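A.B. asks: What follows is a single structure, and I will ask about it in a moment.
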Amino acid sequence: MTFYEKYLELCASVDKTPSGAALEMGLSKPTVNRWKKGGGITDATARKVAAYFNVPVAYLNGETDDPAPVPTHEDPEQKEKAPQSDVDRLTEGLNKESLQKLYEYAKLLKLGQEQGKE
């Protein structure tokens, strides 16, 4: 199966026209016409198309017939948490009323700073 035939199947699977999908990826209609006429695809474009349809690049370039995405070996439990800011740590565990008071106070502080700069 050619790249263009795979591309047509992938477009149909997400109910998109070939040109419509290309435009959503930032590609041009002439690019799709080139594929239709048997033209090649660059590595960068293949990565973009693969990401859009959530398929491996190897599927698009004919190295595999399996369009299933390649599983990642990341363990969600082992992902590092984003570092907490000091504000996040300070507000952790505050009830809704206390958070509202803190928000109002922060607005007043900001207003004071803005007035002091004038």
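Residues are referred to by chain and number: the chain letter is A, B, ... according to the order shown in the structure tokens, the number counts from 1 in that chain, and ligands are numbered separately from 1 in the order shown.
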Skip Glu24 of chain A itself and residues of its chain fewer than 5 positions away, then list as a VMD selection string all residues within 12 Å of it, counting only C-alpha atoms.
C.D. replies: chain A and resid 11 16 to 19 29 48 to 49 52 to 53
A.B. asks: Give me the residues near Ala58 of chain A as a ChimeraX atom specification, where near means some atom within 12 Å (using only C-alpha atoms) and where sequence neighbours in that chain fewer than 3 positions away do not count.
C.D. replies: /A:3,6,43,46-47,49-51,54-55,61-70
A.B. asks: Taking the DSSP secondary structure from the backbone, can you list the residues of chain A that are alpha helix (DSSP H), as a PyMOL selection string?
C.D. replies: chain A and resi 3-13+18-24+29-36+43-53+57-60+86-91+96-116
A.B. asks: Have a look at atom CA of Tyr59 of chain A and atom CA of Leu8 of chain A and let me know their distance in Å, one decimal.
C.D. replies: 13.5 Å
A.B. asks: Quick one: of A:Leu111, A:Val57, A:Tyr7, A:Ser13, who's nearest to Val32 of chain A, counting only C-alpha atoms?
C.D. replies: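 Checking each of A:Leu111, A:Val57, A:Tyr7, A:Ser13 against Val32 of chain A, counting only C-alpha atoms, the winner is A:Tyr7.
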A.B. asks: One decimal, in Å: what's the spacing between atom CA of Ser98 of chain A and atom CA of Gln113 of chain A?
C.D. replies: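 Between atom CA of Ser98 of chain A and atom CA of Gln113 of chain A the gap is 22.6 Å.
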A.B. asks: Measuring between only C-alpha atoms, which one of A:Tyr4, A:Lys110, A:Glu9, A:Asp15 shows the shortest distance to Gly40 of chain A?
C.D. replies: A:Tyr4
